[in-house]
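**Student:** Quick one: this structure, given as structure tokens, is what I'll be asking you about.
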Amino acid sequence: MALAISMEGIEARARELGVDLSAVDLDSITLPAGEDFGILSTSVVPRVPLAVGAQSTFERFYLVVIDVLLLLLNCDDEEILRNEDPPELEMGLSNIIVVDNLPVVPPEKFEKLENVIRKIYSQIGVIKENGLWMPEAELAREKTNGYKLDKSHIFAVNMLDDFEKYMKVPDTWTPAEIKPYTPGENLLKWLTDEKARDQFVIRAGTLTEVYWNDARKLAPELVFQKQYWTDSFIQWSPLGTYLATVHRQGSQVWGGENGFERLMRFAHPMVKLIDFSPGERYLVTYSSHEPSNPRDTHRVVLNIFDVRTGKVMRDFKGSADEFTTGGNAGVSGVSWPIFRWGGGKDDKYFARLGKNVVSVYETDTFSLLDKKSLKVENVVDFSWSPTDPIISLFVPEMGGGNQPARVSLVQIPGKEELRQKNLFSVSDCKMYWQNNGEYLAVQVDRYTKTKKSTYTGFELFRIKERDIPIEVLELENKNDKIIAFAWEPKGHRFAIIHGDGPRPDVSFYTMRTANNTNRVSKLTTLKAKQANALYWSPAGRFIVLAGLKGFNGQLEFYNVDELETMATGEHFMATDIMWDPTGRYLATAVTSVHEMENGFQIWSFNGKHLYKVSKDHFYQFIWRPRPPSLLTPEKEEEISKNLKKYSKKYEQEDQDAFNQLSEQERKRRTQLQEEWDSWVAKWKQMHEEERAYRRELRDGEASDEEEEYEAKEVEVEEVVDVTEEVLAFDLDQE
């Protein structure tokens, strides 16, 4: 297929771009021998052997790019459609890069230089039959800008549309127009609820609904309802500011002062998973696409958006094999989340696990920290501190056990190793950070000497103390299987479910004691519990020992301060258990994984059942998160000490609510009595209206008058059964 354009068209386009073609010797410009970038052109631009003069490489390349772009932009769409095998065209300046600072070479060395350039960029793009095809232009710029070809030549790579943008900058400065300030939506209005209630969202059938949890009224209060609000699932942002919905075209976030207005769209076709950064500044979206060749793996696309502007800050593309290391199993075998955010709520760093590397990116530039990954031979897992830019790494044994496994703590951005612990005979390892970043527990499964079985111990790191001391904890029966481990939020205690029998034990430990604050010690062990999951209150102190799946929803509400059970309960077939963000209420739910008993129940922190809501085809229940308290720890401690003084106000409100409930109950009963009286009166009236008809049926007898009746007792004998008796006589005696 031939594409044609006139010289006048080229000159007009060059004028738009600010390029003076009269100052350029067009006869000295051509593509490399046999090279036409995959375009059969009848353009009048001459194609003569390359003559390298005083012009820079950029000037020569820039003019060639103009030629090619003009050809593409003037292509007849119908002519492409008629082609049985149309070429793949990446249109637009954003798909083109300009590489400057290339060496000036004579014609005989041009092919060698071209091969070097192709080798460099073939690692990023795909070499087409007739040229270099580079859809990942942003990635190419990042990967090769600053690339040292040799000591004298360092690549300077820019996007071509940047040149056009800067050419359009006017020569004279004009002050920016100052627009009047218009206040935006108050996205935190829900936090000012006078009753201090929390919200939750549910998804059942085609409906998505947001409610207030009104425990005083023993019922939820509807806030917002929408049908077909999402195509797959819903998700709150970590601080509760946004509610995200997922659609075939991409994702959206909602929020606002008086309901839920759409705040931003994020275009990502066929998106399957999303993930917010801890500070809600960024949204990661993920999709995977079936390969055209069945032997290839899925193609993965990841976008990182700025939540407020909707701008794509960085994208990542590749095969599913490139994203399968570490994490929890996700779609098409890809681990999720692929990127793990760290460094506290500032959203300053995110990282991903690769083969023998941990790639740490900074959000100032969305490029690799120090432009290179952290090389860690054989690394298989890593985890961020929830509060500080510290990464914990796990490296398993190598060399048949000659090189021990190890856990390392690495400070970011300096990549300095703060602490390391070698581990021997390791089968598996799991890392658990306490949410304040004060402690790290490493669960280590080790082989016995015979290698036929394993046993478990814990390495406990005190992150905030000098030199990060480490303690070793082993259970009394070190052969016990570890079923669950959980740190107390904002505290210094942790719980472990352990044992091999059908009813395991639950043990509580503390990192502090009255006599020795730097020594782990056991508080108590609860024997033979129907529990396989641990759910600490977000405020600490209280914990729910839950028996899910085989235990059919057994619940035990336990006070760790007093080491006593407050209450027990059951939510039959419960699949999910969630504390509200304040630790006042607990929700249990049966989702659609079961066909029956779908819905949720709300409990108080001490195990009192408050109310139940049944929903068919129940998919999700999620409490709306709250941002961290603005009170200082000292102020919170003061409030705790003077709680009785503050509680008087709320006790009165509780009493008023109770009285209101009592009044509502009285009104309900009065209404029921009135409905009953009305029903009786209705039937009495109907009975009176039919009196004449009844008398007519009884030949004039007033059958409704009781005094006209005479009561008589009549005895009636009835033969119930007859028995025959046979008598025998001795005839000889007669």
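By order of appearance in the structure tokens: chains A, B, ..., then residues from 1 within every chain, and ligands from 1 in the order shown.
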Leu523 of chain A: which residues within 8 Å, counting only C-alpha atoms, same-chain residues fewer than 4 positions away excluded, as a PyMOL selection string?
**Tutor:** chain A and resi 507-510
**Student:** Based on the backbone DSSP call, show me all residues of segment 120-317 of chain A assigned helix (DSSP H, G or I), as a VMD selection string.
**Tutor:** chain A and resid 120 to 121 137 to 144 160 to 167 189 to 192 215 to 217
**Student:** To one decimal in Å, tell me the separation between atom CA of Phe366 of chain A and atom CA of Leu393 of chain A.
**Tutor:**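 For atom CA of Phe366 of chain A relative to atom CA of Leu393 of chain A, the distance reads 22.4 Å.
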**Student:** Work out how far apart atom CA of Tyr349 of chain A and atom CA of Asp315 of chain A are and give it in Å to one decimal.
**Tutor:**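 Answer for the atom CA of Tyr349 of chain A to atom CA of Asp315 of chain A separation: 15.6 Å.
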**Student:** How close does segment 573-626 of chain A get to segment 194-204 of chain A? List, as CSV, each residue of segment 573-626 of chain A within 7 Å, its nearest atom pair and the distance in Å to one decimal, counting only C-alpha atoms.
**Tutor:**
```
residue,atom,partner,partner_atom,distance
A:Lys615,CA,A:Ala204,CA,6.5
A:Asp616,CA,A:Ala204,CA,6.6
A:His617,CA,A:Ala204,CA,5.4
A:Phe618,CA,A:Ala204,CA,4.3
A:Tyr619,CA,A:Arg203,CA,5.5
A:Gln620,CA,A:Arg203,CA,5.0
A:Phe621,CA,A:Ile202,CA,4.5
A:Ile622,CA,A:Val201,CA,5.4
A:Trp623,CA,A:Phe200,CA,4.2
A:Arg624,CA,A:Phe200,CA,5.2
```
**Student:** Please write the residues from the selection above to a file, keeping all heavy atoms, as an mmCIF file, in the first residue's frame.
**Tutor:**
```cif
data_model
loop_
_atom_site.group_PDB
_atom_site.id
_atom_site.type_symbol
_atom_site.label_atom_id
_atom_site.label_comp_id
_atom_site.auth_asym_id
_atom_site.auth_seq_id
_atom_site.Cartn_x
_atom_site.Cartn_y
_atom_site.Cartn_z
ATOM 1 N N LYS A 615 -29.986 -10.849 53.572
ATOM 2 C CA LYS A 615 -29.909 -10.368 52.195
ATOM 3 C C LYS A 615 -29.618 -11.549 51.278
ATOM 4 O O LYS A 615 -28.654 -12.280 51.508
ATOM 5 C CB LYS A 615 -28.793 -9.332 52.033
ATOM 6 C CG LYS A 615 -29.026 -8.011 52.746
ATOM 7 C CD LYS A 615 -29.956 -7.107 51.960
ATOM 8 C CE LYS A 615 -30.064 -5.749 52.599
ATOM 9 N NZ LYS A 615 -30.939 -4.834 51.819
ATOM 10 N N ASP A 616 -30.436 -11.725 50.256
ATOM 11 C CA ASP A 616 -30.156 -12.767 49.272
ATOM 12 C C ASP A 616 -28.993 -12.338 48.378
ATOM 13 O O ASP A 616 -28.806 -11.147 48.105
ATOM 14 C CB ASP A 616 -31.392 -13.028 48.412
ATOM 15 C CG ASP A 616 -32.514 -13.683 49.207
ATOM 16 O OD1 ASP A 616 -32.194 -14.359 50.199
ATOM 17 O OD2 ASP A 616 -33.692 -13.499 48.845
ATOM 18 N N HIS A 617 -28.234 -13.322 47.910
ATOM 19 C CA HIS A 617 -27.092 -13.061 47.027
ATOM 20 C C HIS A 617 -26.195 -11.973 47.621
ATOM 21 O O HIS A 617 -25.913 -10.947 46.996
ATOM 22 C CB HIS A 617 -27.574 -12.650 45.627
ATOM 23 C CG HIS A 617 -28.522 -13.626 45.014
ATOM 24 N ND1 HIS A 617 -28.148 -14.898 44.621
ATOM 25 C CD2 HIS A 617 -29.858 -13.523 44.746
ATOM 26 C CE1 HIS A 617 -29.202 -15.529 44.117
ATOM 27 N NE2 HIS A 617 -30.248 -14.732 44.190
ATOM 28 N N PHE A 618 -25.730 -12.218 48.834
ATOM 29 C CA PHE A 618 -24.944 -11.239 49.575
ATOM 30 C C PHE A 618 -23.469 -11.424 49.244
ATOM 31 O O PHE A 618 -22.906 -12.496 49.452
ATOM 32 C CB PHE A 618 -25.188 -11.419 51.078
ATOM 33 C CG PHE A 618 -24.585 -10.341 51.932
ATOM 34 C CD1 PHE A 618 -25.036 -9.042 51.833
ATOM 35 C CD2 PHE A 618 -23.580 -10.632 52.837
ATOM 36 C CE1 PHE A 618 -24.500 -8.051 52.617
ATOM 37 C CE2 PHE A 618 -23.031 -9.646 53.630
ATOM 38 C CZ PHE A 618 -23.489 -8.348 53.520
ATOM 39 N N TYR A 619 -22.828 -10.362 48.743
ATOM 40 C CA TYR A 619 -21.462 -10.476 48.244
ATOM 41 C C TYR A 619 -20.417 -9.807 49.140
ATOM 42 O O TYR A 619 -19.345 -10.369 49.359
ATOM 43 C CB TYR A 619 -21.354 -9.870 46.839
ATOM 44 C CG TYR A 619 -22.274 -10.505 45.833
ATOM 45 C CD1 TYR A 619 -23.265 -9.771 45.193
ATOM 46 C CD2 TYR A 619 -22.161 -11.857 45.524
ATOM 47 C CE1 TYR A 619 -24.111 -10.349 44.264
ATOM 48 C CE2 TYR A 619 -23.002 -12.454 44.600
ATOM 49 C CZ TYR A 619 -23.982 -11.692 43.974
ATOM 50 O OH TYR A 619 -24.823 -12.280 43.064
ATOM 51 N N GLN A 620 -20.690 -8.597 49.614
ATOM 52 C CA GLN A 620 -19.670 -7.852 50.338
ATOM 53 C C GLN A 620 -20.250 -7.073 51.511
ATOM 54 O O GLN A 620 -21.387 -6.574 51.440
ATOM 55 C CB GLN A 620 -18.963 -6.852 49.409
ATOM 56 C CG GLN A 620 -17.957 -7.457 48.459
ATOM 57 C CD GLN A 620 -17.264 -6.390 47.640
ATOM 58 O OE1 GLN A 620 -17.793 -5.947 46.613
ATOM 59 N NE2 GLN A 620 -16.083 -5.965 48.085
ATOM 60 N N PHE A 621 -19.467 -6.981 52.577
ATOM 61 C CA PHE A 621 -19.715 -6.077 53.706
ATOM 62 C C PHE A 621 -18.373 -5.456 54.057
ATOM 63 O O PHE A 621 -17.412 -6.165 54.339
ATOM 64 C CB PHE A 621 -20.274 -6.833 54.914
ATOM 65 C CG PHE A 621 -20.532 -5.948 56.117
ATOM 66 C CD1 PHE A 621 -21.830 -5.636 56.496
ATOM 67 C CD2 PHE A 621 -19.487 -5.435 56.886
ATOM 68 C CE1 PHE A 621 -22.079 -4.826 57.598
ATOM 69 C CE2 PHE A 621 -19.718 -4.624 57.980
ATOM 70 C CZ PHE A 621 -21.023 -4.320 58.336
ATOM 71 N N ILE A 622 -18.273 -4.117 54.021
ATOM 72 C CA ILE A 622 -17.017 -3.438 54.334
ATOM 73 C C ILE A 622 -17.308 -2.201 55.184
ATOM 74 O O ILE A 622 -18.087 -1.329 54.773
ATOM 75 C CB ILE A 622 -16.249 -2.999 53.073
ATOM 76 C CG1 ILE A 622 -16.265 -4.088 51.995
ATOM 77 C CG2 ILE A 622 -14.811 -2.639 53.432
ATOM 78 C CD1 ILE A 622 -15.658 -3.630 50.685
ATOM 79 N N TRP A 623 -16.691 -2.142 56.374
ATOM 80 C CA TRP A 623 -16.766 -0.929 57.187
ATOM 81 C C TRP A 623 -16.003 0.203 56.493
ATOM 82 O O TRP A 623 -14.970 -0.027 55.856
ATOM 83 C CB TRP A 623 -16.147 -1.153 58.560
ATOM 84 C CG TRP A 623 -16.911 -2.055 59.473
ATOM 85 C CD1 TRP A 623 -16.626 -3.353 59.765
ATOM 86 C CD2 TRP A 623 -18.079 -1.721 60.241
ATOM 87 N NE1 TRP A 623 -17.540 -3.858 60.660
ATOM 88 C CE2 TRP A 623 -18.443 -2.874 60.975
ATOM 89 C CE3 TRP A 623 -18.844 -0.571 60.388
ATOM 90 C CZ2 TRP A 623 -19.538 -2.906 61.823
ATOM 91 C CZ3 TRP A 623 -19.938 -0.602 61.230
ATOM 92 C CH2 TRP A 623 -20.284 -1.759 61.942
ATOM 93 N N ARG A 624 -16.491 1.412 56.652
ATOM 94 C CA ARG A 624 -15.772 2.570 56.112
ATOM 95 C C ARG A 624 -14.618 2.922 57.048
ATOM 96 O O ARG A 624 -14.840 3.224 58.217
ATOM 97 C CB ARG A 624 -16.707 3.765 55.968
ATOM 98 C CG ARG A 624 -16.071 4.944 55.239
ATOM 99 C CD ARG A 624 -17.092 6.026 54.924
ATOM 100 N NE ARG A 624 -16.555 6.993 53.975
ATOM 101 C CZ ARG A 624 -17.274 7.967 53.413
ATOM 102 N NH1 ARG A 624 -18.566 8.090 53.715
ATOM 103 N NH2 ARG A 624 -16.715 8.793 52.544
#
```
**Student:** Which residues are close to segment 401-406 of chain A, i.e. within 9 Å by only C-alpha atoms, leaving aside same-chain residues fewer than 5 positions away? Reply as a ChimeraX atom specification.
**Tutor:** /A:393-396,420-426
**Student:** Give the strand (DSSP E) residues of segment 519-629 of chain A, as assigned by DSSP on the backbone, as a PyMOL selection string.
**Tutor:** chain A and resi 521-526+533-536+542-547+554-559+564-570+576-579+585-590+599-604+609-614+618-623
**Student:** Using atom CA of Lys371 of chain A and atom CA of Ser359 of chain A as the two end points, give the distance in Å to one decimal.
**Tutor:**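 If I compute the distance from atom CA of Lys371 of chain A to atom CA of Ser359 of chain A, I get 9.6 Å.
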**Student:** Could you give me, as a list in words, the residues within 10 Å of Tyr282 of chain A, counting only C-alpha atoms and dropping anything in the same chain fewer than 5 positions from it?
**Tutor:** Asp275, Phe276, Ser277, Asn303, Ile304, Phe305, Asp306, Val307, Arg308, Thr309, Gly310, Lys311, Val312, Met313, Asp347 and Thr363 of chain A
**Student:** Would you mind listing what lies within 7 Å of Pro389 of chain A as a PDB file with all heavy atoms, in the first residue's frame, with only C-alpha atoms counted and same-chain residues fewer than 2 positions away left out?
**Tutor:**
```pdb
ATOM      1  N   GLY A 342       5.169   1.585  51.007  1.00  0.00           N
ATOM      2  CA  GLY A 342       5.890   1.675  52.270  1.00  0.00           C
ATOM      3  C   GLY A 342       6.188   3.103  52.656  1.00  0.00           C
ATOM      4  O   GLY A 342       5.822   4.068  51.972  1.00  0.00           O
ATOM      5  N   GLY A 343       6.875   3.233  53.772  1.00  0.00           N
ATOM      6  CA  GLY A 343       7.289   4.560  54.214  1.00  0.00           C
ATOM      7  C   GLY A 343       6.214   5.350  54.904  1.00  0.00           C
ATOM      8  O   GLY A 343       6.244   6.578  54.894  1.00  0.00           O
ATOM      9  N   GLY A 344       5.231   4.678  55.528  1.00  0.00           N
ATOM     10  CA  GLY A 344       4.180   5.397  56.234  1.00  0.00           C
ATOM     11  C   GLY A 344       3.109   5.904  55.305  1.00  0.00           C
ATOM     12  O   GLY A 344       2.899   5.396  54.199  1.00  0.00           O
ATOM     13  N   SER A 385       7.726  -1.919  56.770  1.00  0.00           N
ATOM     14  CA  SER A 385       7.222  -1.453  58.057  1.00  0.00           C
ATOM     15  C   SER A 385       6.005  -0.588  57.799  1.00  0.00           C
ATOM     16  O   SER A 385       5.989   0.207  56.851  1.00  0.00           O
ATOM     17  CB  SER A 385       8.294  -0.637  58.782  1.00  0.00           C
ATOM     18  OG  SER A 385       7.718   0.154  59.803  1.00  0.00           O
ATOM     19  N   ILE A 391      12.442  -2.018  55.046  1.00  0.00           N
ATOM     20  CA  ILE A 391      12.004  -3.243  54.381  1.00  0.00           C
ATOM     21  C   ILE A 391      12.614  -4.435  55.109  1.00  0.00           C
ATOM     22  O   ILE A 391      13.805  -4.447  55.414  1.00  0.00           O
ATOM     23  CB  ILE A 391      12.436  -3.252  52.906  1.00  0.00           C
ATOM     24  CG1 ILE A 391      11.663  -2.200  52.109  1.00  0.00           C
ATOM     25  CG2 ILE A 391      12.207  -4.618  52.277  1.00  0.00           C
ATOM     26  CD1 ILE A 391      12.093  -2.109  50.655  1.00  0.00           C
ATOM     27  N   GLN A 411      17.159  -0.106  55.420  1.00  0.00           N
ATOM     28  CA  GLN A 411      16.647   1.264  55.509  1.00  0.00           C
ATOM     29  C   GLN A 411      16.588   1.880  54.114  1.00  0.00           C
ATOM     30  O   GLN A 411      17.534   1.766  53.328  1.00  0.00           O
ATOM     31  CB  GLN A 411      17.564   2.101  56.403  1.00  0.00           C
ATOM     32  CG  GLN A 411      17.152   3.559  56.545  1.00  0.00           C
ATOM     33  CD  GLN A 411      16.084   3.751  57.594  1.00  0.00           C
ATOM     34  OE1 GLN A 411      16.202   3.263  58.703  1.00  0.00           O
ATOM     35  NE2 GLN A 411      15.037   4.484  57.246  1.00  0.00           N
ATOM     36  N   ILE A 412      15.476   2.521  53.807  1.00  0.00           N
ATOM     37  CA  ILE A 412      15.297   3.233  52.548  1.00  0.00           C
ATOM     38  C   ILE A 412      15.226   4.733  52.865  1.00  0.00           C
ATOM     39  O   ILE A 412      14.630   5.112  53.876  1.00  0.00           O
ATOM     40  CB  ILE A 412      14.001   2.770  51.842  1.00  0.00           C
ATOM     41  CG1 ILE A 412      14.071   1.264  51.552  1.00  0.00           C
ATOM     42  CG2 ILE A 412      13.747   3.527  50.549  1.00  0.00           C
ATOM     43  CD1 ILE A 412      15.167   0.838  50.609  1.00  0.00           C
TER      44      ILE A 412
END
```
**Student:** What's the 12 Å shell around Arg466 of chain A, counting only C-alpha atoms, without same-chain residues fewer than 3 positions away, as a list in words?
**Tutor:** Leu418, Arg419, Glu438, Phe461, Arg462, Ile463, Pro469, Ile470 and Asn518 of chain A
**Student:** Take the residues from that selection and put them in a file with N, CA and C atoms, as a tab-separated table (two decimals), in the first residue's frame.
**Tutor:**
```tsv
chain	number	residue	atom	x	y	z
A	418	LEU	N	20.18	-2.57	58.39
A	418	LEU	CA	20.14	-2.22	59.81
A	418	LEU	C	20.39	-3.42	60.70
A	419	ARG	N	19.90	-4.59	60.28
A	419	ARG	CA	20.02	-5.78	61.13
A	419	ARG	C	19.88	-7.00	60.25
A	438	GLU	N	6.65	-1.10	65.80
A	438	GLU	CA	7.55	-1.27	66.93
A	438	GLU	C	8.17	-2.66	66.96
A	461	PHE	N	11.80	-9.12	66.68
A	461	PHE	CA	12.67	-7.95	66.54
A	461	PHE	C	12.04	-6.75	67.24
A	462	ARG	N	12.82	-6.07	68.09
A	462	ARG	CA	12.36	-4.83	68.72
A	462	ARG	C	12.92	-3.66	67.90
A	463	ILE	N	12.13	-3.19	66.94
A	463	ILE	CA	12.60	-2.26	65.92
A	463	ILE	C	13.02	-0.92	66.50
A	469	PRO	N	17.42	-5.36	69.16
A	469	PRO	CA	17.63	-6.69	69.75
A	469	PRO	C	16.60	-7.70	69.25
A	470	ILE	N	16.99	-8.98	69.26
A	470	ILE	CA	16.14	-10.06	68.77
A	470	ILE	C	15.98	-11.10	69.87
A	518	ASN	N	11.96	-5.69	78.63
A	518	ASN	CA	12.60	-6.11	77.40
A	518	ASN	C	12.66	-7.63	77.26
```
